[in-house]
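Here is structure10.txt, consisting of compact mmCIF, C-alpha atoms and all ligand atoms:
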# COMPACT_ATOMS: atom_id res chain seq x y z
CA MET A 1 -32.34 -7.79 -2.90
CA SER A 2 -28.63 -8.51 -2.88
CA HIS A 3 -27.43 -11.24 -0.55
CA VAL A 4 -23.85 -10.00 -0.73
CA PHE A 5 -22.70 -8.98 2.74
CA PRO A 6 -22.39 -6.13 3.72
CA ARG A 7 -20.48 -3.20 2.42
CA HIS A 8 -22.77 -2.02 -0.29
CA SER A 9 -26.08 -2.39 1.49
CA LYS A 10 -26.83 1.34 1.23
CA LEU A 11 -25.01 2.07 -2.00
CA ASN A 12 -26.89 -0.25 -4.29
CA PRO A 13 -23.85 -0.49 -6.58
CA PRO A 14 -23.92 -1.19 -10.28
CA VAL A 15 -22.99 -4.69 -11.35
CA ALA A 16 -19.55 -4.84 -12.94
CA VAL A 17 -19.61 -7.18 -15.92
CA GLY A 18 -16.51 -6.41 -17.92
CA GLY A 19 -13.08 -4.84 -17.99
CA GLU A 20 -11.09 -3.52 -20.95
CA GLY A 21 -7.71 -1.87 -20.46
CA CYS A 22 -8.22 1.14 -18.19
CA TYR A 23 -12.02 0.83 -18.15
CA LEU A 24 -14.60 -1.14 -16.16
CA ILE A 25 -18.04 -1.71 -17.66
CA ASP A 26 -21.31 -2.21 -15.77
CA SER A 27 -24.41 -4.18 -16.74
CA THR A 28 -26.02 -1.11 -18.34
CA GLY A 29 -23.00 -0.69 -20.60
CA LYS A 30 -21.66 2.38 -18.77
CA ARG A 31 -17.85 2.68 -18.86
CA TYR A 32 -15.75 3.89 -15.93
CA LEU A 33 -12.14 5.03 -16.23
CA ASP A 34 -10.28 3.20 -13.46
CA GLY A 35 -8.34 6.15 -12.08
CA SER A 36 -7.37 4.39 -8.87
CA GLY A 37 -6.86 0.81 -10.04
CA GLY A 38 -9.62 -0.06 -7.54
CA ALA A 39 -7.38 0.61 -4.59
CA ALA A 40 -3.96 0.59 -6.31
CA VAL A 41 -4.51 -2.97 -7.50
CA SER A 42 -4.97 -3.03 -11.28
CA CYS A 43 -1.48 -2.07 -12.44
CA LEU A 44 -1.87 -3.92 -15.76
CA GLY A 45 -5.41 -2.76 -16.45
CA HIS A 46 -8.32 -5.09 -17.11
CA GLY A 47 -8.73 -7.98 -19.53
CA ASP A 48 -5.03 -8.80 -19.96
CA ARG A 49 -5.09 -12.01 -22.06
CA GLU A 50 -1.58 -13.11 -21.15
CA ILE A 51 -2.39 -13.19 -17.45
CA ALA A 52 -5.71 -14.93 -18.08
CA GLU A 53 -3.91 -17.59 -20.16
CA ALA A 54 -1.29 -18.16 -17.45
CA ILE A 55 -4.05 -18.66 -14.86
CA LYS A 56 -5.96 -21.01 -17.12
CA ALA A 57 -2.84 -23.06 -17.92
CA GLN A 58 -2.12 -23.47 -14.21
CA ILE A 59 -5.69 -24.53 -13.36
CA ASP A 60 -5.58 -27.07 -16.16
CA LYS A 61 -2.32 -28.46 -14.80
CA LEU A 62 -2.74 -28.19 -11.02
CA ALA A 63 -5.25 -26.08 -9.10
CA PHE A 64 -4.21 -26.84 -5.54
CA ALA A 65 -1.71 -28.77 -3.46
CA HIS A 66 -1.52 -28.04 0.25
CA THR A 67 1.76 -26.48 1.40
CA GLY A 68 1.74 -28.83 4.38
CA PHE A 69 2.81 -31.47 1.87
CA PHE A 70 4.07 -29.77 -1.29
CA THR A 71 5.60 -26.73 -2.85
CA SER A 72 4.64 -25.87 -6.44
CA GLU A 73 6.36 -24.75 -9.64
CA PRO A 74 4.74 -21.30 -9.85
CA ALA A 75 5.38 -20.55 -6.15
CA GLU A 76 9.06 -21.49 -6.54
CA ALA A 77 9.46 -19.51 -9.77
CA LEU A 78 7.73 -16.41 -8.37
CA ALA A 79 9.83 -16.51 -5.20
CA ASP A 80 13.02 -16.75 -7.29
CA LEU A 81 11.98 -13.83 -9.47
CA LEU A 82 11.02 -11.64 -6.51
CA ILE A 83 14.28 -12.33 -4.69
CA GLU A 84 16.28 -11.66 -7.86
CA HIS A 85 14.84 -8.14 -7.95
CA ALA A 86 14.25 -7.48 -4.25
CA PRO A 87 16.20 -5.02 -2.09
CA GLU A 88 19.49 -6.34 -0.76
CA GLY A 89 19.37 -8.88 2.03
CA LEU A 90 15.85 -10.14 1.39
CA ASP A 91 16.21 -13.81 0.81
CA ARG A 92 12.97 -15.72 1.44
CA VAL A 93 9.34 -15.33 0.43
CA TYR A 94 6.20 -16.35 2.29
CA PHE A 95 3.10 -16.23 0.08
CA VAL A 96 -0.30 -15.17 1.41
CA SER A 97 -3.63 -14.13 -0.09
CA GLY A 98 -3.59 -10.36 0.47
CA GLY A 99 -2.19 -7.32 2.23
CA SER A 100 -3.59 -7.85 5.73
CA GLU A 101 -2.28 -11.40 5.74
CA ALA A 102 1.15 -10.11 4.70
CA THR A 103 1.43 -7.54 7.50
CA GLU A 104 -0.10 -9.90 10.06
CA ALA A 105 2.51 -12.51 9.12
CA ALA A 106 5.27 -9.87 9.32
CA ILE A 107 4.30 -8.94 12.88
CA LYS A 108 4.27 -12.59 13.97
CA LEU A 109 7.53 -13.36 12.17
CA ALA A 110 9.27 -10.45 13.95
CA ARG A 111 8.07 -11.77 17.28
CA GLN A 112 9.07 -15.37 16.61
CA TYR A 113 12.51 -14.23 15.43
CA PHE A 114 13.25 -12.62 18.79
CA VAL A 115 11.89 -15.55 20.75
CA GLU A 116 14.12 -17.93 18.79
CA LYS A 117 17.06 -15.55 19.14
CA GLY A 118 16.75 -15.76 22.91
CA ALA A 119 15.35 -12.25 23.38
CA PRO A 120 11.72 -12.95 24.38
CA GLU A 121 11.50 -9.56 26.11
CA ARG A 122 11.29 -7.95 22.66
CA GLY A 123 7.59 -7.83 21.88
CA LYS A 124 6.71 -4.17 21.29
CA LEU A 125 5.78 -2.75 17.93
CA ILE A 126 6.08 0.88 16.85
CA ALA A 127 4.04 2.23 13.94
CA ARG A 128 2.90 5.64 12.70
CA LYS A 129 -0.27 7.62 13.24
CA GLN A 130 -0.95 8.12 9.55
CA SER A 131 -0.94 4.56 8.28
CA TYR A 132 -3.03 1.59 7.24
CA HIS A 133 -1.72 -1.95 7.42
CA GLY A 134 -4.89 -4.01 7.06
CA ASN A 135 -8.06 -5.02 8.83
CA THR A 136 -7.16 -8.18 10.76
CA ILE A 137 -6.61 -7.56 14.47
CA GLY A 138 -2.79 -7.38 14.43
CA ALA A 139 -2.66 -5.33 11.24
CA LEU A 140 -5.44 -3.03 12.43
CA SER A 141 -3.57 -2.51 15.71
CA ALA A 142 -0.48 -1.47 13.75
CA GLY A 143 -2.46 1.00 11.63
CA GLY A 144 -3.12 4.49 12.89
CA ASN A 145 -6.39 5.16 11.12
CA ALA A 146 -8.75 6.28 13.89
CA TRP A 147 -11.91 5.73 11.87
CA ARG A 148 -11.12 2.10 11.05
CA ARG A 149 -10.01 1.34 14.63
CA ALA A 150 -12.83 3.14 16.42
CA GLN A 151 -15.16 0.25 17.24
CA PHE A 152 -12.50 -2.32 18.03
CA GLY A 153 -10.47 -0.60 20.76
CA PRO A 154 -10.71 -3.34 23.42
CA LEU A 155 -9.51 -5.98 20.95
CA LEU A 156 -6.45 -4.18 19.64
CA LEU A 157 -2.82 -4.84 20.56
CA ASP A 158 -0.86 -2.19 22.41
CA VAL A 159 1.14 -0.58 19.56
CA SER A 160 2.95 2.79 19.83
CA HIS A 161 2.06 5.32 17.14
CA ILE A 162 4.56 8.07 16.38
CA ASP A 163 4.03 11.06 14.09
CA PRO A 164 4.33 10.25 10.38
CA CYS A 165 6.67 11.96 7.94
CA TYR A 166 4.23 14.41 6.40
CA GLU A 167 5.89 17.50 4.98
CA TYR A 168 2.77 19.37 3.94
CA ARG A 169 1.40 19.40 7.48
CA LEU A 170 4.33 18.90 9.81
CA ARG A 171 7.41 20.58 8.27
CA ARG A 172 8.11 23.98 9.78
CA GLU A 173 8.43 26.88 7.38
CA ASP A 174 11.99 27.64 8.46
CA GLU A 175 13.06 24.01 8.04
CA SER A 176 14.58 22.34 4.94
CA ALA A 177 13.02 19.11 3.70
CA GLU A 178 16.19 17.26 4.78
CA ALA A 179 16.17 18.77 8.26
CA TYR A 180 12.52 17.86 8.59
CA GLY A 181 13.23 14.28 7.45
CA LEU A 182 15.78 13.90 10.24
CA ARG A 183 13.47 15.47 12.82
CA ALA A 184 10.60 13.21 11.79
CA ALA A 185 12.84 10.14 12.07
CA GLN A 186 14.00 11.25 15.52
CA ALA A 187 10.48 10.44 16.76
CA LEU A 188 11.35 6.77 16.32
CA GLU A 189 14.51 6.95 18.42
CA ASP A 190 12.65 8.88 21.11
CA GLU A 191 9.93 6.24 21.24
CA ILE A 192 12.41 3.34 21.31
CA LEU A 193 14.18 4.96 24.26
CA ARG A 194 10.89 5.72 26.01
CA LEU A 195 9.78 2.10 25.73
CA GLY A 196 13.23 0.66 26.51
CA ALA A 197 15.17 -0.54 23.47
CA GLU A 198 15.47 -4.09 24.78
CA THR A 199 11.66 -4.44 24.68
CA VAL A 200 11.09 -3.25 21.10
CA MET A 201 10.90 -5.79 18.26
CA ALA A 202 9.99 -3.79 15.15
CA PHE A 203 8.98 -0.57 13.44
CA ILE A 204 6.43 -0.79 10.61
CA ALA A 205 5.78 1.90 8.00
CA GLU A 206 4.56 2.44 4.46
CA PRO A 207 7.34 4.03 2.34
CA VAL A 208 4.71 6.11 0.51
CA VAL A 209 1.55 6.36 2.59
CA GLY A 210 -1.59 5.32 0.73
CA ALA A 211 -5.03 4.68 2.10
CA THR A 212 -4.94 7.07 5.05
CA ALA A 213 -3.30 10.02 3.41
CA GLY A 214 -3.26 10.10 -0.37
CA ALA A 215 0.25 9.19 -1.56
CA VAL A 216 2.45 10.95 0.98
CA PRO A 217 6.13 10.34 0.13
CA PRO A 218 8.84 10.55 2.80
CA ALA A 219 11.09 13.59 3.12
CA PRO A 220 14.62 13.09 1.76
CA GLY A 221 16.80 11.10 4.13
CA TYR A 222 13.93 10.05 6.39
CA PHE A 223 14.12 6.30 5.76
CA LYS A 224 17.95 6.27 5.74
CA ARG A 225 17.86 7.70 9.25
CA ILE A 226 15.07 5.28 10.23
CA ARG A 227 17.25 2.38 9.04
CA GLU A 228 20.20 3.68 11.11
CA ILE A 229 18.04 3.98 14.22
CA CYS A 230 16.64 0.46 13.78
CA ASP A 231 20.17 -0.91 13.37
CA LYS A 232 21.47 1.01 16.39
CA TYR A 233 18.88 -0.58 18.69
CA GLY A 234 18.52 -3.99 17.03
CA VAL A 235 14.92 -3.22 15.99
CA LEU A 236 13.56 -4.84 12.81
CA LEU A 237 12.35 -2.58 10.00
CA ILE A 238 9.12 -3.80 8.36
CA LEU A 239 8.15 -1.91 5.21
CA ASP A 240 4.56 -2.25 4.06
CA GLU A 241 4.52 -1.88 0.27
CA VAL A 242 1.12 -3.50 -0.12
CA MET A 243 -0.12 -0.38 -1.90
CA CYS A 244 3.02 1.42 -3.06
CA GLY A 245 5.03 -1.63 -4.21
CA MET A 246 5.18 -3.63 -7.46
CA GLY A 247 6.21 -0.76 -9.69
CA ARG A 248 3.51 1.65 -8.57
CA THR A 249 5.97 4.43 -7.64
CA GLY A 250 8.16 3.96 -10.72
CA THR A 251 10.59 1.40 -9.25
CA LEU A 252 9.66 -2.21 -8.59
CA PHE A 253 9.91 -1.60 -4.85
CA ALA A 254 9.18 1.85 -3.46
CA CYS A 255 12.00 1.72 -0.89
CA GLU A 256 14.61 1.53 -3.69
CA GLN A 257 14.12 5.28 -4.15
CA ASP A 258 14.97 5.91 -0.52
CA GLY A 259 18.12 3.79 -0.63
CA VAL A 260 17.04 1.44 2.15
CA ALA A 261 16.32 -2.26 2.45
CA PRO A 262 14.00 -3.53 5.18
CA ASP A 263 14.31 -6.72 7.21
CA ILE A 264 10.76 -7.66 6.22
CA LEU A 265 8.85 -6.38 3.19
CA CYS A 266 5.10 -6.81 2.56
CA ILE A 267 3.55 -6.73 -0.90
CA ALA A 268 0.12 -7.62 -2.32
CA LYS A 269 -2.34 -5.66 -4.52
CA GLY A 270 -0.18 -5.07 -7.65
CA LEU A 271 1.42 -8.51 -7.25
CA GLY A 272 -1.78 -10.16 -8.47
CA ALA A 273 -2.90 -7.01 -10.33
CA GLY A 274 -6.47 -8.01 -9.46
CA TYR A 275 -6.27 -11.26 -11.44
CA GLN A 276 -5.83 -13.36 -8.31
CA PRO A 277 -5.74 -12.63 -4.57
CA VAL A 278 -2.05 -12.97 -3.74
CA GLY A 279 0.39 -11.23 -1.41
CA ALA A 280 3.81 -11.97 -0.02
CA MET A 281 6.10 -11.30 2.88
CA LEU A 282 9.81 -11.22 2.06
CA CYS A 283 12.35 -11.55 4.86
CA SER A 284 16.09 -11.46 5.38
CA GLY A 285 18.26 -14.56 5.45
CA GLU A 286 19.16 -13.72 9.06
CA ILE A 287 15.52 -13.95 10.17
CA TYR A 288 14.87 -17.08 8.14
CA ASP A 289 18.04 -18.84 9.35
CA THR A 290 17.37 -18.02 13.00
CA ILE A 291 13.99 -19.71 12.78
CA ALA A 292 15.19 -22.54 10.52
CA ASN A 293 17.97 -23.33 12.98
CA GLY A 294 15.60 -23.03 15.95
CA THR A 295 12.19 -24.65 15.95
CA GLY A 296 12.60 -25.03 12.21
CA PHE A 297 9.29 -23.59 11.07
CA PHE A 298 7.33 -20.35 11.18
CA GLN A 299 4.45 -20.86 13.60
CA HIS A 300 1.85 -19.49 11.23
CA GLY A 301 -0.08 -20.48 8.13
CA HIS A 302 -3.33 -20.41 6.20
CA THR A 303 -4.87 -23.05 3.96
CA TYR A 304 -4.23 -21.02 0.82
CA ILE A 305 -0.63 -19.88 1.36
CA GLY A 306 1.42 -20.39 -1.80
CA HIS A 307 -1.68 -21.25 -3.82
CA PRO A 308 -0.55 -22.51 -7.25
CA VAL A 309 -3.07 -20.50 -9.27
CA ALA A 310 -2.54 -17.32 -7.27
CA THR A 311 1.24 -17.58 -7.55
CA ALA A 312 0.98 -18.43 -11.27
CA ALA A 313 -0.94 -15.18 -11.71
CA GLY A 314 1.67 -13.32 -9.64
CA LEU A 315 4.44 -14.80 -11.75
CA ALA A 316 2.76 -13.73 -14.98
CA VAL A 317 2.14 -10.24 -13.57
CA VAL A 318 5.74 -9.69 -12.43
CA ARG A 319 7.05 -10.98 -15.77
CA ALA A 320 4.68 -8.61 -17.58
CA LEU A 321 5.83 -5.67 -15.44
CA LEU A 322 9.48 -6.45 -16.20
CA ASP A 323 9.29 -7.67 -19.80
CA ARG A 324 6.93 -4.97 -21.05
CA GLY A 325 8.88 -2.13 -19.41
CA LEU A 326 5.84 -1.17 -17.36
CA VAL A 327 7.73 -0.07 -14.27
CA GLY A 328 9.53 2.58 -16.32
CA ARG A 329 6.20 3.47 -17.89
CA ALA A 330 4.70 4.00 -14.41
CA ALA A 331 7.50 6.51 -13.80
CA THR A 332 7.09 8.43 -17.08
CA GLN A 333 3.28 8.39 -17.27
CA GLY A 334 3.28 9.24 -13.57
CA GLU A 335 5.31 12.40 -14.25
CA LYS A 336 2.79 13.33 -16.96
CA LEU A 337 -0.08 12.76 -14.55
CA MET A 338 1.65 14.97 -11.98
CA ALA A 339 2.18 17.71 -14.58
CA LYS A 340 -1.48 17.57 -15.63
CA LEU A 341 -2.68 17.66 -12.02
CA THR A 342 -0.38 20.61 -11.28
CA GLU A 343 -1.57 22.46 -14.37
CA ARG A 344 -5.22 21.86 -13.52
CA PHE A 345 -5.22 22.15 -9.73
CA GLY A 346 -1.96 23.95 -8.85
CA GLN A 347 -3.78 27.22 -8.21
CA HIS A 348 -7.12 25.74 -7.17
CA PRO A 349 -8.40 27.51 -4.03
CA HIS A 350 -9.30 24.18 -2.40
CA VAL A 351 -6.28 22.10 -3.36
CA GLY A 352 -3.58 22.42 -0.72
CA ASP A 353 -1.09 19.82 -1.92
CA ILE A 354 -0.43 17.61 -4.95
CA ARG A 355 2.09 14.84 -4.29
CA GLY A 356 3.24 11.27 -4.76
CA ARG A 357 5.54 9.24 -6.96
CA GLY A 358 5.03 7.48 -10.29
CA MET A 359 1.49 6.21 -10.74
CA PHE A 360 0.68 6.89 -7.09
CA ARG A 361 -0.57 10.45 -6.66
CA GLY A 362 -2.61 12.31 -4.11
CA ILE A 363 -4.42 15.60 -3.80
CA GLU A 364 -5.17 17.11 -0.40
CA LEU A 365 -8.26 19.30 -0.24
CA VAL A 366 -8.55 22.27 2.11
CA SER A 367 -11.20 24.87 2.83
CA ASP A 368 -8.46 27.52 2.89
CA ARG A 369 -5.11 27.22 1.12
CA ASP A 370 -3.16 29.80 3.13
CA SER A 371 -4.04 28.45 6.55
CA LYS A 372 -4.26 24.82 5.25
CA THR A 373 -7.51 24.49 7.16
CA PRO A 374 -9.23 21.17 6.36
CA PHE A 375 -12.91 21.02 5.48
CA ASP A 376 -15.25 20.34 8.35
CA PRO A 377 -15.62 16.53 8.41
CA SER A 378 -19.42 16.90 8.54
CA LYS A 379 -19.30 18.24 4.97
CA GLY A 380 -18.17 14.80 3.78
CA VAL A 381 -16.17 16.29 0.90
CA ALA A 382 -14.26 13.09 0.08
CA GLY A 383 -17.44 11.03 -0.16
CA LYS A 384 -19.09 13.63 -2.38
CA ILE A 385 -16.12 13.63 -4.76
CA LYS A 386 -16.22 9.85 -5.01
CA LYS A 387 -19.93 9.94 -5.84
CA ALA A 388 -19.70 12.78 -8.39
CA ALA A 389 -16.69 11.19 -10.07
CA PHE A 390 -18.40 7.81 -10.27
CA GLU A 391 -21.47 9.39 -11.85
CA ALA A 392 -19.19 11.06 -14.38
CA GLY A 393 -17.56 7.69 -15.16
CA LEU A 394 -14.36 7.99 -13.13
CA ILE A 395 -13.21 5.71 -10.34
CA CYS A 396 -10.99 7.55 -7.87
CA TYR A 397 -10.23 6.84 -4.22
CA PRO A 398 -11.14 9.76 -1.97
CA MET A 399 -10.75 9.43 1.81
CA SER A 400 -10.86 11.48 4.98
CA GLY A 401 -7.62 10.89 6.84
CA THR A 402 -6.72 12.64 10.02
CA ILE A 403 -3.71 12.83 12.25
CA ASP A 404 -4.63 14.50 15.51
CA GLY A 405 -7.40 16.32 13.65
CA LYS A 406 -4.85 18.19 11.49
CA SER A 407 -5.60 16.87 8.04
CA GLY A 408 -8.79 16.29 6.14
CA ASP A 409 -9.92 15.12 2.73
CA HIS A 410 -7.71 13.54 0.08
CA VAL A 411 -8.11 11.93 -3.31
CA LEU A 412 -5.80 9.05 -4.22
CA LEU A 413 -5.07 8.34 -7.88
CA ALA A 414 -3.44 5.07 -8.94
CA PRO A 415 -4.33 4.28 -12.55
CA PRO A 416 -3.08 1.27 -14.52
CA PHE A 417 0.48 1.75 -15.80
CA ILE A 418 -0.78 1.27 -19.37
CA ILE A 419 -2.82 4.48 -19.25
CA GLU A 420 -2.51 6.63 -22.40
CA ASP A 421 -2.08 10.42 -22.52
CA ASP A 422 -5.67 11.11 -23.65
CA GLN A 423 -6.94 8.97 -20.78
CA LEU A 424 -4.85 11.05 -18.36
CA ASP A 425 -6.70 14.08 -19.78
CA GLU A 426 -10.03 12.32 -19.29
CA LEU A 427 -9.03 11.54 -15.70
CA THR A 428 -8.09 15.15 -14.84
CA ASP A 429 -11.16 16.57 -16.63
CA LYS A 430 -13.56 14.29 -14.76
CA LEU A 431 -11.80 14.84 -11.45
CA ALA A 432 -12.10 18.61 -11.92
CA LEU A 433 -15.82 18.19 -12.58
CA ALA A 434 -16.23 16.03 -9.47
CA ILE A 435 -14.34 18.47 -7.24
CA SER A 436 -16.46 21.39 -8.49
CA ALA A 437 -19.63 19.40 -7.92
CA ALA A 438 -18.60 18.40 -4.40
CA ILE A 439 -17.31 21.71 -2.98
N1 LIG B 501 -1.28 -2.37 3.86
C1 LIG B 501 -1.51 -1.31 3.08
C2 LIG B 501 -0.46 -0.26 2.95
C3 LIG B 501 -2.72 -1.19 2.39
O1 LIG B 501 -2.95 -0.11 1.62
C4 LIG B 501 -3.68 -2.22 2.51
C5 LIG B 501 -5.00 -2.17 1.75
N2 LIG B 501 -5.47 -0.95 1.41
C6 LIG B 501 -3.40 -3.31 3.33
C7 LIG B 501 -2.18 -3.37 3.99
C8 LIG B 501 -4.38 -4.44 3.50
O2 LIG B 501 -4.47 -5.15 2.32
P1 LIG B 501 -5.76 -6.09 2.03
O3 LIG B 501 -6.93 -5.18 1.88
O4 LIG B 501 -5.37 -6.81 0.77
O5 LIG B 501 -5.90 -7.03 3.18
Before we go any further, please render this structure as structure tokens.
Ligand code: PMP
Amino acid sequence: MSHVFPRHSKLNPPVAVGGEGCYLIDSTGKRYLDGSGGAAVSCLGHGDREIAEAIKAQIDKLAFAHTGFFTSEPAEALADLLIEHAPEGLDRVYFVSGGSEATEAAIKLARQYFVEKGAPERGKLIARKQSYHGNTIGALSAGGNAWRRAQFGPLLLDVSHIDPCYEYRLRREDESAEAYGLRAAQALEDEILRLGAETVMAFIAEPVVGATAGAVPPAPGYFKRIREICDKYGVLLILDEVMCGMGRTGTLFACEQDGVAPDILCIAKGLGAGYQPVGAMLCSGEIYDTIANGTGFFQHGHTYIGHPVATAAGLAVVRALLDRGLVGRAATQGEKLMAKLTERFGQHPHVGDIRGRGMFRGIELVSDRDSKTPFDPSKGVAGKIKKAAFEAGLICYPMSGTIDGKSGDHVLLAPPFIIEDDQLDELTDKLALAISAAI
């Protein structure tokens, strides 16, 4: 019996014992192609010696020094490197241990900023229906994933959820992508006005939606208009790049491709690339200065913020991404993956949409292509694909997302950026097998 609590109690999972490049290996010796990087984590692949050495060197030198007393060399160096490459205006970095901690901190920072600015009436948060921002109470409240929220209703904060930007489902046939982008963004202005602009503190969104929807990119112009609306009403823009950041979409930060810079940016997953649990919240100088000149400190914190070993791993990962040209590789290999998926599934009767950016791709499955009708949830198509793929030696990330019951099953693909062409073929071949087995 396993004493590990609790998620795998029914699954009886294999024991992972090794990792080599794009593969994970279990205790029986079976190899699995990591087609989703776990959940968009393993951007460098497994067994990267350089990262392991950097971690070891840091442990040998200094494992831990509490941030209540000290800063550390790797935390300072990683913050400098992130700010050097971050979208304009982002000026400070707050390190945490993962994605939920990053978004939770972002929500609290937004609130404290307005309190210190002398606008304590601003406390409302707007988010989107099709989104996931983490599993802690604040982050879960911000997310719009009905399934994850279901049991916790009475505990959740009162957050407004507007429609997402989701061309495949919500763009009208007579509408251009640009016109749709503007219409989708208008939902934010409408909600700000409905709530009363002077009460709204922030809008949070994933630039490319991951865990609830399978790599849904925004329509052209959507985020530019969102930025304008936030500026017009003095509302902070929080972008959650926990999944889509750190090169995953082919640029270091996903929002670069939309020509916008947020006031607060959350990253995690790819920052540690699975080698250490590390995340970060980046914020503008204006937010930092307001708090620094007010009470002087952010009323928040965890024991392991800015952990020397975690930030040393993050530093080695970001250097590897930049020095080895891996962000560009995510863009070019990502285009190849898209071409292979289109060739294989473009005419598939049960594939409604193939989408995404860089090494962040999604397939939406439908029971009928013309009407875009989702599969009946009771069929459990996503779960069956996951199981069949795993048996065939492929890790992919299927999910059943839903916005107002309109969408259904998706498969998210997020392989390591180092993936080779023949491994992209292996991925598409095994995925095709899994889809045939499941439907
Ligand atoms: N935000 C987004 C966009 C995510 O995809 C996730 C994790 N899937 C989180 C936040 C939460 O991150 P973590 O699981 O590291 O707490």
Distance query segment 11-27 of chain A at most 7 Å, only C-alpha atoms, self and fewer than 3 positions along chain excluded, as a short mmCIF file (atom, residue, chain, number, x, y, z; two decimals) with C-alpha atoms, in the frame of the given file:
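Final output, saved to out29.cif:
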data_model
loop_
_atom_site.label_atom_id
_atom_site.label_comp_id
_atom_site.auth_asym_id
_atom_site.auth_seq_id
_atom_site.Cartn_x
_atom_site.Cartn_y
_atom_site.Cartn_z
CA HIS A 8 -22.77 -2.02 -0.29
CA LYS A 30 -21.66 2.38 -18.77
CA ARG A 31 -17.85 2.68 -18.86
CA TYR A 32 -15.75 3.89 -15.93
CA LEU A 33 -12.14 5.03 -16.23
CA ASP A 34 -10.28 3.20 -13.46
CA GLY A 45 -5.41 -2.76 -16.45
CA HIS A 46 -8.32 -5.09 -17.11
CA GLY A 47 -8.73 -7.98 -19.53
CA PRO A 416 -3.08 1.27 -14.52
CA ILE A 419 -2.82 4.48 -19.25
#
Taking only C-alpha atoms and all ligand atoms into account, report as a short mmCIF file (atom, residue, chain, number, x, y, z; two decimals) with C-alpha atoms, in the coordinates of the input which residues have an atom no farther than 7 Å from an atom of ligand LIG 501 (chain B).
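Output below, filename part-v4.cif:
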data_model
loop_
_atom_site.label_atom_id
_atom_site.label_comp_id
_atom_site.auth_asym_id
_atom_site.auth_seq_id
_atom_site.Cartn_x
_atom_site.Cartn_y
_atom_site.Cartn_z
CA ALA A 39 -7.38 0.61 -4.59
CA GLY A 98 -3.59 -10.36 0.47
CA GLY A 99 -2.19 -7.32 2.23
CA SER A 100 -3.59 -7.85 5.73
CA GLU A 101 -2.28 -11.40 5.74
CA THR A 103 1.43 -7.54 7.50
CA TYR A 132 -3.03 1.59 7.24
CA HIS A 133 -1.72 -1.95 7.42
CA GLY A 134 -4.89 -4.01 7.06
CA ASN A 135 -8.06 -5.02 8.83
CA GLU A 206 4.56 2.44 4.46
CA VAL A 209 1.55 6.36 2.59
CA GLY A 210 -1.59 5.32 0.73
CA ALA A 211 -5.03 4.68 2.10
CA ASP A 240 4.56 -2.25 4.06
CA GLU A 241 4.52 -1.88 0.27
CA VAL A 242 1.12 -3.50 -0.12
CA MET A 243 -0.12 -0.38 -1.90
CA ALA A 268 0.12 -7.62 -2.32
CA LYS A 269 -2.34 -5.66 -4.52
#
- Query: Taking all atoms listed in the file into account, which of A:Gly181, A:Gly274, A:Gly334, A:Gly314 comes nearest Asp421 of chain A?
  - Reply: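 With all atoms listed in the file as the atom set, the closest residue is A:Gly334.
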- Query: What gap, in Å, lies between atom CA of Arg111 of chain A and atom CA of Leu125 of chain A?
  - Reply: 9.3 Å
- Query: Looking at all atoms listed in the file, which of A:Ala215, A:Leu195, A:Val96, A:Arg122 is the one that sits closest to Cys165 of chain A?
  - Reply: A:Ala215
- Message: Could you tell me how far atom CA of Asp263 of chain A sits from atom CA of Ala205 of chain A, in Å to one decimal place?
- Response: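 Going from atom CA of Ala205 of chain A over to atom CA of Asp263 of chain A covers 12.2 Å.
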- Item | Between atom CA of Val278 of chain A and atom CA of Leu62 of chain A - distance in Å to one decimal | 16.9 Å
- Message: Restricting the calculation to all atoms listed in the file: of A:Val4, A:Val208, A:Ala146, A:Ile354, which residue gets closest to Gly250 of chain A?
- Response: A:Val208
- Shortest interatomic distance to Pro164 of chain A - which of A:Thr332, A:Ala184, A:Ala79, A:Pro277, counting all atoms listed in the file: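 The shortest atom-to-atom distance to Pro164 of chain A comes from A:Ala184.
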- Between A:His307, A:Leu90, A:Leu265, A:Asn293, which one has atoms that come closest to Gln58 of chain A, using all atoms listed in the file? A:His307
- Message: Using only C-alpha atoms for the distances, tell me which of A:Pro374, A:Ala75, A:Val200, A:Ile267 is nearest to Pro120 of chain A.
- Response: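 The answer is A:Val200, which sits nearest to Pro120 of chain A.
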